[in-house]
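Chemist: run.tsv (TSV, N, CA, C and O atoms) pasted underneath:
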```
chain	number	residue	atom	x	y	z
A	1	MET	N	125.60	106.24	100.56
A	1	MET	CA	124.41	106.93	100.12
A	1	MET	C	123.20	106.32	100.82
A	1	MET	O	123.01	105.12	100.83
A	2	VAL	N	122.37	107.17	101.42
A	2	VAL	CA	121.17	106.72	102.11
A	2	VAL	C	119.98	106.94	101.20
A	2	VAL	O	119.79	108.02	100.66
A	3	VAL	N	119.19	105.89	101.01
A	3	VAL	CA	118.00	105.98	100.17
A	3	VAL	C	116.79	105.72	101.05
A	3	VAL	O	116.77	104.74	101.79
A	4	SER	N	115.81	106.60	100.98
A	4	SER	CA	114.61	106.42	101.79
A	4	SER	C	113.77	105.27	101.25
A	4	SER	O	113.94	104.84	100.11
A	5	SER	N	112.88	104.77	102.09
A	5	SER	CA	111.99	103.70	101.62
A	5	SER	C	111.12	104.20	100.48
A	5	SER	O	110.81	103.45	99.56
A	6	ARG	N	110.73	105.48	100.51
A	6	ARG	CA	109.98	106.07	99.40
A	6	ARG	C	110.80	106.00	98.13
A	6	ARG	O	110.33	105.59	97.08
A	7	GLY	N	112.05	106.39	98.24
A	7	GLY	CA	112.93	106.37	97.07
A	7	GLY	C	113.11	104.98	96.52
A	7	GLY	O	113.15	104.77	95.30
A	8	MET	N	113.21	104.00	97.40
A	8	MET	CA	113.38	102.62	96.97
A	8	MET	C	112.12	102.11	96.28
A	8	MET	O	112.21	101.43	95.26
A	9	ALA	N	110.95	102.43	96.82
A	9	ALA	CA	109.70	101.97	96.22
A	9	ALA	C	109.50	102.58	94.85
A	9	ALA	O	109.12	101.90	93.90
A	10	ILE	N	109.77	103.86	94.73
A	10	ILE	CA	109.60	104.54	93.44
A	10	ILE	C	110.63	104.03	92.44
A	10	ILE	O	110.31	103.79	91.28
A	11	ALA	N	111.87	103.84	92.88
A	11	ALA	CA	112.91	103.31	91.99
A	11	ALA	C	112.52	101.92	91.49
A	11	ALA	O	112.69	101.61	90.30
A	12	ALA	N	111.98	101.09	92.37
A	12	ALA	CA	111.55	99.74	91.96
A	12	ALA	C	110.42	99.83	90.95
A	12	ALA	O	110.39	99.11	89.96
A	13	ALA	N	109.46	100.74	91.19
A	13	ALA	CA	108.35	100.90	90.26
A	13	ALA	C	108.83	101.39	88.89
A	13	ALA	O	108.40	100.90	87.85
A	14	VAL	N	109.75	102.34	88.89
A	14	VAL	CA	110.30	102.86	87.62
A	14	VAL	C	111.02	101.75	86.86
A	14	VAL	O	110.94	101.66	85.63
A	15	GLN	N	111.69	100.85	87.58
A	15	GLN	CA	112.42	99.74	86.94
A	15	GLN	C	111.49	98.60	86.54
A	15	GLN	O	111.92	97.65	85.90
A	16	GLY	N	110.20	98.71	86.93
A	16	GLY	CA	109.24	97.68	86.54
A	16	GLY	C	109.24	96.45	87.43
A	16	GLY	O	108.70	95.41	87.05
A	17	VAL	N	109.82	96.57	88.62
A	17	VAL	CA	109.88	95.41	89.52
A	17	VAL	C	109.08	95.63	90.81
A	17	VAL	O	109.29	94.93	91.79
A	18	GLY	N	108.20	96.60	90.80
A	18	GLY	CA	107.40	96.86	91.99
A	18	GLY	C	106.37	97.93	91.73
A	18	GLY	O	106.27	98.48	90.64
A	19	ILE	N	105.58	98.19	92.77
A	19	ILE	CA	104.62	99.27	92.71
A	19	ILE	C	104.89	100.20	93.90
A	19	ILE	O	105.49	99.80	94.88
A	20	ALA	N	104.45	101.43	93.78
A	20	ALA	CA	104.65	102.42	94.85
A	20	ALA	C	103.34	103.13	95.10
A	20	ALA	O	102.59	103.43	94.16
A	21	PHE	N	103.06	103.40	96.35
A	21	PHE	CA	101.88	104.16	96.73
A	21	PHE	C	102.37	105.47	97.31
A	21	PHE	O	103.00	105.51	98.37
A	22	TRP	N	102.12	106.56	96.58
A	22	TRP	CA	102.62	107.86	97.00
A	22	TRP	C	101.71	108.94	96.49
A	22	TRP	O	100.89	108.72	95.60
A	23	ALA	N	101.84	110.14	97.04
A	23	ALA	CA	101.03	111.28	96.61
A	23	ALA	C	101.31	111.56	95.13
A	23	ALA	O	102.46	111.68	94.70
A	24	GLU	N	100.22	111.65	94.37
A	24	GLU	CA	100.35	111.79	92.92
A	24	GLU	C	101.16	113.02	92.51
A	24	GLU	O	101.96	112.96	91.58
A	25	GLU	N	100.97	114.14	93.21
A	25	GLU	CA	101.68	115.35	92.80
A	25	GLU	C	103.19	115.20	92.93
A	25	GLU	O	103.94	115.89	92.25
A	26	LEU	N	103.64	114.29	93.78
A	26	LEU	CA	105.07	114.09	93.95
A	26	LEU	C	105.68	113.19	92.87
A	26	LEU	O	106.88	113.28	92.60
A	27	VAL	N	104.88	112.33	92.28
A	27	VAL	CA	105.38	111.46	91.22
A	27	VAL	C	104.83	111.85	89.85
A	27	VAL	O	105.10	111.18	88.86
A	28	ARG	N	104.08	112.95	89.78
A	28	ARG	CA	103.50	113.42	88.51
A	28	ARG	C	104.55	113.57	87.42
A	28	ARG	O	104.30	113.19	86.28
A	29	PRO	N	105.75	114.10	87.70
A	29	PRO	CA	106.76	114.20	86.63
A	29	PRO	C	107.11	112.83	86.04
A	29	PRO	O	107.32	112.72	84.83
A	30	LEU	N	107.17	111.80	86.86
A	30	LEU	CA	107.48	110.46	86.36
A	30	LEU	C	106.31	109.89	85.57
A	30	LEU	O	106.52	109.17	84.58
A	31	ILE	N	105.09	110.20	85.97
A	31	ILE	CA	103.91	109.76	85.22
A	31	ILE	C	103.88	110.46	83.87
A	31	ILE	O	103.68	109.83	82.83
A	32	ASP	N	104.10	111.78	83.88
A	32	ASP	CA	104.10	112.56	82.63
A	32	ASP	C	105.20	112.10	81.67
A	32	ASP	O	105.03	112.15	80.45
A	33	ALA	N	106.33	111.64	82.22
A	33	ALA	CA	107.44	111.16	81.39
A	33	ALA	C	107.21	109.73	80.90
A	33	ALA	O	108.01	109.21	80.14
A	34	GLY	N	106.12	109.08	81.35
A	34	GLY	CA	105.83	107.73	80.93
A	34	GLY	C	106.61	106.67	81.69
A	34	GLY	O	106.60	105.49	81.32
A	35	LYS	N	107.29	107.08	82.77
A	35	LYS	CA	108.07	106.12	83.55
A	35	LYS	C	107.23	105.38	84.58
A	35	LYS	O	107.58	104.30	85.01
A	36	LEU	N	106.11	105.99	84.98
A	36	LEU	CA	105.16	105.35	85.90
A	36	LEU	C	103.76	105.44	85.31
A	36	LEU	O	103.46	106.35	84.55
A	37	VAL	N	102.93	104.50	85.70
A	37	VAL	CA	101.53	104.46	85.26
A	37	VAL	C	100.66	104.38	86.50
A	37	VAL	O	100.86	103.51	87.35
A	38	PRO	N	99.67	105.28	86.63
A	38	PRO	CA	98.78	105.20	87.79
A	38	PRO	C	97.95	103.91	87.74
A	38	PRO	O	97.51	103.48	86.68
A	39	LEU	N	97.78	103.30	88.90
A	39	LEU	CA	96.95	102.10	89.02
A	39	LEU	C	95.73	102.42	89.87
A	39	LEU	O	95.81	103.19	90.81
A	40	LEU	N	94.63	101.79	89.56
A	40	LEU	CA	93.42	101.86	90.37
A	40	LEU	C	92.96	103.29	90.64
A	40	LEU	O	92.52	103.62	91.74
A	41	ASP	N	93.04	104.16	89.63
A	41	ASP	CA	92.61	105.54	89.80
A	41	ASP	C	91.19	105.64	90.35
A	41	ASP	O	90.90	106.48	91.19
A	42	GLU	N	90.30	104.79	89.84
A	42	GLU	CA	88.91	104.86	90.26
A	42	GLU	C	88.72	104.42	91.71
A	42	GLU	O	87.70	104.68	92.32
A	43	ARG	N	89.69	103.76	92.29
A	43	ARG	CA	89.60	103.28	93.68
A	43	ARG	C	90.30	104.18	94.68
A	43	ARG	O	90.14	104.01	95.88
A	44	CYS	N	91.09	105.13	94.21
A	44	CYS	CA	91.85	105.98	95.11
A	44	CYS	C	91.09	107.27	95.39
A	44	CYS	O	90.70	107.98	94.47
A	45	ALA	N	90.93	107.56	96.67
A	45	ALA	CA	90.24	108.78	97.07
A	45	ALA	C	91.15	109.98	96.85
A	45	ALA	O	92.37	109.88	96.98
A	46	THR	N	90.55	111.10	96.53
A	46	THR	CA	91.32	112.33	96.42
A	46	THR	C	91.54	112.90	97.82
A	46	THR	O	90.79	112.60	98.74
A	47	PHE	N	92.55	113.70	97.96
A	47	PHE	CA	92.85	114.32	99.25
A	47	PHE	C	91.91	115.49	99.46
A	47	PHE	O	91.94	116.46	98.71
A	48	PRO	N	91.04	115.42	100.48
A	48	PRO	CA	90.04	116.47	100.66
A	48	PRO	C	90.59	117.73	101.32
A	48	PRO	O	89.91	118.75	101.35
A	49	GLY	N	91.76	117.70	101.85
A	49	GLY	CA	92.33	118.86	102.53
A	49	GLY	C	92.61	118.54	103.99
A	49	GLY	O	92.35	117.44	104.46
A	50	TRP	N	93.15	119.50	104.66
A	50	TRP	CA	93.51	119.31	106.07
A	50	TRP	C	92.33	119.61	106.98
A	50	TRP	O	91.56	120.53	106.74
A	51	PHE	N	92.21	118.86	108.04
A	51	PHE	CA	91.22	119.10	109.07
A	51	PHE	C	91.93	119.08	110.42
A	51	PHE	O	92.72	118.17	110.69
A	52	LEU	N	91.69	120.08	111.22
A	52	LEU	CA	92.30	120.15	112.55
A	52	LEU	C	91.23	120.07	113.62
A	52	LEU	O	90.19	120.72	113.51
A	53	CYS	N	91.49	119.30	114.63
A	53	CYS	CA	90.61	119.21	115.79
A	53	CYS	C	91.44	119.62	117.00
A	53	CYS	O	92.49	119.04	117.26
A	54	TYR	N	90.99	120.62	117.69
A	54	TYR	CA	91.73	121.09	118.85
A	54	TYR	C	90.77	121.76	119.82
A	54	TYR	O	89.68	122.20	119.44
A	55	GLN	N	91.18	121.82	121.05
A	55	GLN	CA	90.37	122.48	122.08
A	55	GLN	C	90.64	123.97	122.00
A	55	GLN	O	91.78	124.42	122.13
A	56	LYS	N	89.59	124.74	121.75
A	56	LYS	CA	89.76	126.19	121.65
A	56	LYS	C	90.12	126.75	123.02
A	56	LYS	O	89.50	126.43	124.01
A	57	GLN	N	91.13	127.57	123.03
A	57	GLN	CA	91.59	128.19	124.27
A	57	GLN	C	91.52	129.70	124.12
A	57	GLN	O	91.52	130.22	123.00
A	58	ARG	N	91.48	130.35	125.24
A	58	ARG	CA	91.43	131.81	125.22
A	58	ARG	C	92.65	132.41	124.55
A	58	ARG	O	92.55	133.32	123.74
A	59	HIS	N	93.79	131.88	124.91
A	59	HIS	CA	95.05	132.41	124.37
A	59	HIS	C	95.77	131.30	123.62
A	59	HIS	O	96.26	130.36	124.21
A	60	THR	N	95.81	131.44	122.31
A	60	THR	CA	96.51	130.48	121.48
A	60	THR	C	97.88	131.06	121.14
A	60	THR	O	97.98	132.24	120.80
A	61	SER	N	98.89	130.25	121.21
A	61	SER	CA	100.25	130.75	120.99
A	61	SER	C	100.43	131.22	119.55
A	61	SER	O	99.76	130.75	118.63
A	62	PRO	N	101.35	132.15	119.35
A	62	PRO	CA	101.63	132.63	117.99
A	62	PRO	C	102.08	131.49	117.06
A	62	PRO	O	101.78	131.51	115.87
A	63	ALA	N	102.77	130.50	117.61
A	63	ALA	CA	103.22	129.38	116.78
A	63	ALA	C	102.02	128.59	116.25
A	63	ALA	O	102.01	128.18	115.08
A	64	VAL	N	101.01	128.40	117.08
A	64	VAL	CA	99.80	127.67	116.64
A	64	VAL	C	99.07	128.50	115.59
A	64	VAL	O	98.62	127.96	114.57
A	65	HIS	N	98.95	129.80	115.80
A	65	HIS	CA	98.32	130.67	114.79
A	65	HIS	C	99.08	130.61	113.47
A	65	HIS	O	98.48	130.56	112.40
A	66	ALA	N	100.40	130.60	113.54
A	66	ALA	CA	101.21	130.52	112.31
A	66	ALA	C	100.97	129.20	111.59
A	66	ALA	O	100.87	129.17	110.36
A	67	PHE	N	100.83	128.12	112.34
A	67	PHE	CA	100.55	126.82	111.73
A	67	PHE	C	99.19	126.82	111.05
A	67	PHE	O	99.04	126.35	109.93
A	68	PHE	N	98.17	127.38	111.72
A	68	PHE	CA	96.84	127.49	111.11
A	68	PHE	C	96.90	128.29	109.81
A	68	PHE	O	96.32	127.91	108.80
A	69	ASP	N	97.60	129.42	109.84
A	69	ASP	CA	97.73	130.25	108.64
A	69	ASP	C	98.44	129.50	107.52
A	69	ASP	O	98.06	129.60	106.35
A	70	PHE	N	99.47	128.75	107.87
A	70	PHE	CA	100.18	127.96	106.88
A	70	PHE	C	99.24	126.98	106.19
A	70	PHE	O	99.22	126.87	104.97
A	71	LEU	N	98.44	126.25	106.98
A	71	LEU	CA	97.51	125.29	106.39
A	71	LEU	C	96.43	125.97	105.56
A	71	LEU	O	96.06	125.47	104.50
A	72	ARG	N	95.95	127.11	106.01
A	72	ARG	CA	94.95	127.84	105.23
A	72	ARG	C	95.51	128.24	103.86
A	72	ARG	O	94.86	128.09	102.84
A	73	HIS	N	96.74	128.75	103.86
A	73	HIS	CA	97.35	129.19	102.59
A	73	HIS	C	97.74	128.01	101.72
A	73	HIS	O	97.68	128.09	100.50
A	74	ALA	N	98.14	126.91	102.34
A	74	ALA	CA	98.51	125.71	101.57
A	74	ALA	C	97.29	125.16	100.85
A	74	ALA	O	97.39	124.60	99.77
A	75	ASP	N	96.12	125.32	101.45
A	75	ASP	CA	94.87	124.80	100.88
A	75	ASP	C	94.25	125.78	99.89
A	75	ASP	O	93.41	125.42	99.09
A	76	ALA	N	94.66	127.04	99.93
A	76	ALA	CA	94.06	128.06	99.05
A	76	ALA	C	94.32	127.72	97.59
A	76	ALA	O	95.41	127.35	97.19
A	77	GLY	N	93.30	127.81	96.81
A	77	GLY	CA	93.44	127.55	95.38
A	77	GLY	C	93.30	126.10	94.99
A	77	GLY	O	93.20	125.79	93.82
A	78	GLN	N	93.30	125.19	95.94
A	78	GLN	CA	93.13	123.78	95.63
A	78	GLN	C	91.64	123.47	95.63
A	78	GLN	O	90.93	123.90	96.53
A	79	THR	N	91.21	122.74	94.64
A	79	THR	CA	89.80	122.37	94.60
A	79	THR	C	89.62	121.03	95.28
A	79	THR	O	90.48	120.17	95.23
A	80	ARG	N	88.48	120.87	95.89
A	80	ARG	CA	88.15	119.62	96.54
A	80	ARG	C	87.13	118.88	95.69
A	80	ARG	O	86.35	119.49	95.00
A	81	SER	N	87.16	117.56	95.78
A	81	SER	CA	86.19	116.79	95.01
A	81	SER	C	84.80	117.17	95.47
A	81	SER	O	84.54	117.33	96.65
A	82	GLY	N	83.91	117.39	94.51
A	82	GLY	CA	82.54	117.76	94.82
A	82	GLY	C	82.33	119.26	94.84
A	82	GLY	O	81.22	119.73	94.98
A	83	ASP	N	83.42	120.06	94.76
A	83	ASP	CA	83.26	121.53	94.76
A	83	ASP	C	83.01	122.02	93.36
A	83	ASP	O	83.43	121.50	92.40
```
If you took the structure in this file and wrote it as structure tokens, what would it be?

Modeler:
Amino acid sequence: MVVSSRGMAIAAAVQGVGIAFWAEELVRPLIDAGKLVPLLDERCATFPGWFLCYQKQRHTSPAVHAFFDFLRHADAGQTRSGD
């Protein structure tokens, strides 16, 4: 069985022998179940969303357009801090 480093860190935190730094939405079920406790909430920045920097070209490939659309839809409905 292969366990990722993420899985090992979270397993250690759940067992009370370590801490894990991971995206809150991915460990929210464990927090809600009382198996994990958030630390330093006031010190952790919220995720503001995706930002892309690229050189605009006359002809952008359909794959790049699809990626842009994916990120736009992934961000839709999410609120940003300060909004």

Chemist: Quick one: everything within 12 Å of Ala13 of chain A, counting only C-alpha atoms, minus sequence neighbours fewer than 4 positions away in the same chain. Send it as number ranges by chain.

Modeler: A: 6-9, 17-22, 27, 30-31, 34-39

Chemist: Pick from A:Arg72, A:Gln57, A:Ala66, A:Phe47: nearest to Glu25 of chain A, with only C-alpha atoms counted?

Modeler: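 Residue with the minimum atom-to-atom distance to Glu25 of chain A: A:Phe47.
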
Chemist: Taking only C-alpha atoms into account, which of A:Ala74, A:Phe68, A:Leu40, A:Ala12 comes nearest Cys53 of chain A?

Modeler: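 With only C-alpha atoms as the atom set, the closest residue is A:Phe68.
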
Chemist: How far is it from atom O of Arg43 of chain A to atom O of Phe70 of chain A, in Å with one decimal?

Modeler: 26.2 Å

Chemist: Please, which residues of chain A, numbered as in this document, come out alpha helix (DSSP H) from DSSP, as a PyMOL selection string?

Modeler: chain A and resi 5-14+24-32+62-75

Chemist: Would you kindly place all heavy atoms on segment 32-43 of chain A and return the model as a PDB file, keeping the file's coordinate frame?

Modeler:
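What landed in selection09.pdb:
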```
ATOM      1  N   ASP A  32     104.100 111.780  83.880  1.00  0.00           N
ATOM      2  CA  ASP A  32     104.100 112.560  82.630  1.00  0.00           C
ATOM      3  C   ASP A  32     105.200 112.100  81.670  1.00  0.00           C
ATOM      4  O   ASP A  32     105.030 112.150  80.450  1.00  0.00           O
ATOM      5  CB  ASP A  32     104.256 114.049  82.923  1.00  0.00           C
ATOM      6  CG  ASP A  32     103.035 114.644  83.614  1.00  0.00           C
ATOM      7  OD1 ASP A  32     101.945 113.999  83.588  1.00  0.00           O
ATOM      8  OD2 ASP A  32     103.169 115.735  84.184  1.00  0.00           O
ATOM      9  N   ALA A  33     106.330 111.640  82.220  1.00  0.00           N
ATOM     10  CA  ALA A  33     107.440 111.160  81.390  1.00  0.00           C
ATOM     11  C   ALA A  33     107.210 109.730  80.900  1.00  0.00           C
ATOM     12  O   ALA A  33     108.010 109.210  80.140  1.00  0.00           O
ATOM     13  CB  ALA A  33     108.749 111.241  82.170  1.00  0.00           C
ATOM     14  N   GLY A  34     106.120 109.080  81.350  1.00  0.00           N
ATOM     15  CA  GLY A  34     105.830 107.730  80.930  1.00  0.00           C
ATOM     16  C   GLY A  34     106.610 106.670  81.690  1.00  0.00           C
ATOM     17  O   GLY A  34     106.600 105.490  81.320  1.00  0.00           O
ATOM     18  N   LYS A  35     107.290 107.080  82.770  1.00  0.00           N
ATOM     19  CA  LYS A  35     108.070 106.120  83.550  1.00  0.00           C
ATOM     20  C   LYS A  35     107.230 105.380  84.580  1.00  0.00           C
ATOM     21  O   LYS A  35     107.580 104.300  85.010  1.00  0.00           O
ATOM     22  CB  LYS A  35     109.226 106.832  84.247  1.00  0.00           C
ATOM     23  CG  LYS A  35     110.239 107.393  83.267  1.00  0.00           C
ATOM     24  CD  LYS A  35     111.365 108.081  83.986  1.00  0.00           C
ATOM     25  CE  LYS A  35     112.371 108.612  82.965  1.00  0.00           C
ATOM     26  NZ  LYS A  35     113.518 109.226  83.606  1.00  0.00           N
ATOM     27  N   LEU A  36     106.110 105.990  84.980  1.00  0.00           N
ATOM     28  CA  LEU A  36     105.160 105.350  85.900  1.00  0.00           C
ATOM     29  C   LEU A  36     103.760 105.440  85.310  1.00  0.00           C
ATOM     30  O   LEU A  36     103.460 106.350  84.550  1.00  0.00           O
ATOM     31  CB  LEU A  36     105.177 106.025  87.276  1.00  0.00           C
ATOM     32  CG  LEU A  36     106.435 105.870  88.116  1.00  0.00           C
ATOM     33  CD1 LEU A  36     106.292 106.658  89.415  1.00  0.00           C
ATOM     34  CD2 LEU A  36     106.705 104.405  88.416  1.00  0.00           C
ATOM     35  N   VAL A  37     102.930 104.500  85.700  1.00  0.00           N
ATOM     36  CA  VAL A  37     101.530 104.460  85.260  1.00  0.00           C
ATOM     37  C   VAL A  37     100.660 104.380  86.500  1.00  0.00           C
ATOM     38  O   VAL A  37     100.860 103.510  87.350  1.00  0.00           O
ATOM     39  CB  VAL A  37     101.274 103.231  84.361  1.00  0.00           C
ATOM     40  CG1 VAL A  37      99.820 103.166  83.942  1.00  0.00           C
ATOM     41  CG2 VAL A  37     102.182 103.249  83.153  1.00  0.00           C
ATOM     42  N   PRO A  38      99.670 105.280  86.630  1.00  0.00           N
ATOM     43  CA  PRO A  38      98.780 105.200  87.790  1.00  0.00           C
ATOM     44  C   PRO A  38      97.950 103.910  87.740  1.00  0.00           C
ATOM     45  O   PRO A  38      97.510 103.480  86.680  1.00  0.00           O
ATOM     46  CB  PRO A  38      97.869 106.418  87.638  1.00  0.00           C
ATOM     47  CG  PRO A  38      98.512 107.293  86.631  1.00  0.00           C
ATOM     48  CD  PRO A  38      99.375 106.426  85.781  1.00  0.00           C
ATOM     49  N   LEU A  39      97.780 103.300  88.900  1.00  0.00           N
ATOM     50  CA  LEU A  39      96.950 102.100  89.020  1.00  0.00           C
ATOM     51  C   LEU A  39      95.730 102.420  89.870  1.00  0.00           C
ATOM     52  O   LEU A  39      95.810 103.190  90.810  1.00  0.00           O
ATOM     53  CB  LEU A  39      97.737 100.966  89.671  1.00  0.00           C
ATOM     54  CG  LEU A  39      98.981 100.484  88.946  1.00  0.00           C
ATOM     55  CD1 LEU A  39      99.714  99.451  89.809  1.00  0.00           C
ATOM     56  CD2 LEU A  39      98.616  99.874  87.617  1.00  0.00           C
ATOM     57  N   LEU A  40      94.630 101.790  89.560  1.00  0.00           N
ATOM     58  CA  LEU A  40      93.420 101.860  90.370  1.00  0.00           C
ATOM     59  C   LEU A  40      92.960 103.290  90.640  1.00  0.00           C
ATOM     60  O   LEU A  40      92.520 103.620  91.740  1.00  0.00           O
ATOM     61  CB  LEU A  40      93.621 101.115  91.697  1.00  0.00           C
ATOM     62  CG  LEU A  40      94.042  99.650  91.579  1.00  0.00           C
ATOM     63  CD1 LEU A  40      94.383  99.084  92.946  1.00  0.00           C
ATOM     64  CD2 LEU A  40      92.961  98.823  90.919  1.00  0.00           C
ATOM     65  N   ASP A  41      93.040 104.160  89.630  1.00  0.00           N
ATOM     66  CA  ASP A  41      92.610 105.540  89.800  1.00  0.00           C
ATOM     67  C   ASP A  41      91.190 105.640  90.350  1.00  0.00           C
ATOM     68  O   ASP A  41      90.900 106.480  91.190  1.00  0.00           O
ATOM     69  CB  ASP A  41      92.669 106.298  88.465  1.00  0.00           C
ATOM     70  CG  ASP A  41      94.049 106.826  88.161  1.00  0.00           C
ATOM     71  OD1 ASP A  41      94.877 106.882  89.093  1.00  0.00           O
ATOM     72  OD2 ASP A  41      94.291 107.188  87.000  1.00  0.00           O
ATOM     73  N   GLU A  42      90.300 104.790  89.840  1.00  0.00           N
ATOM     74  CA  GLU A  42      88.910 104.860  90.260  1.00  0.00           C
ATOM     75  C   GLU A  42      88.720 104.420  91.710  1.00  0.00           C
ATOM     76  O   GLU A  42      87.700 104.680  92.320  1.00  0.00           O
ATOM     77  CB  GLU A  42      88.011 104.038  89.336  1.00  0.00           C
ATOM     78  CG  GLU A  42      88.256 102.538  89.367  1.00  0.00           C
ATOM     79  CD  GLU A  42      89.457 102.050  88.546  1.00  0.00           C
ATOM     80  OE1 GLU A  42      90.084 102.850  87.841  1.00  0.00           O
ATOM     81  OE2 GLU A  42      89.754 100.848  88.633  1.00  0.00           O
ATOM     82  N   ARG A  43      89.690 103.760  92.290  1.00  0.00           N
ATOM     83  CA  ARG A  43      89.600 103.280  93.680  1.00  0.00           C
ATOM     84  C   ARG A  43      90.300 104.180  94.680  1.00  0.00           C
ATOM     85  O   ARG A  43      90.140 104.010  95.880  1.00  0.00           O
ATOM     86  CB  ARG A  43      90.206 101.879  93.802  1.00  0.00           C
ATOM     87  CG  ARG A  43      89.559 100.859  92.941  1.00  0.00           C
ATOM     88  CD  ARG A  43      88.368 100.321  93.619  1.00  0.00           C
ATOM     89  NE  ARG A  43      87.791  99.256  92.792  1.00  0.00           N
ATOM     90  CZ  ARG A  43      86.726  98.624  93.124  1.00  0.00           C
ATOM     91  NH1 ARG A  43      86.107  98.915  94.231  1.00  0.00           N
ATOM     92  NH2 ARG A  43      86.259  97.701  92.337  1.00  0.00           N
TER      93      ARG A  43
END
```
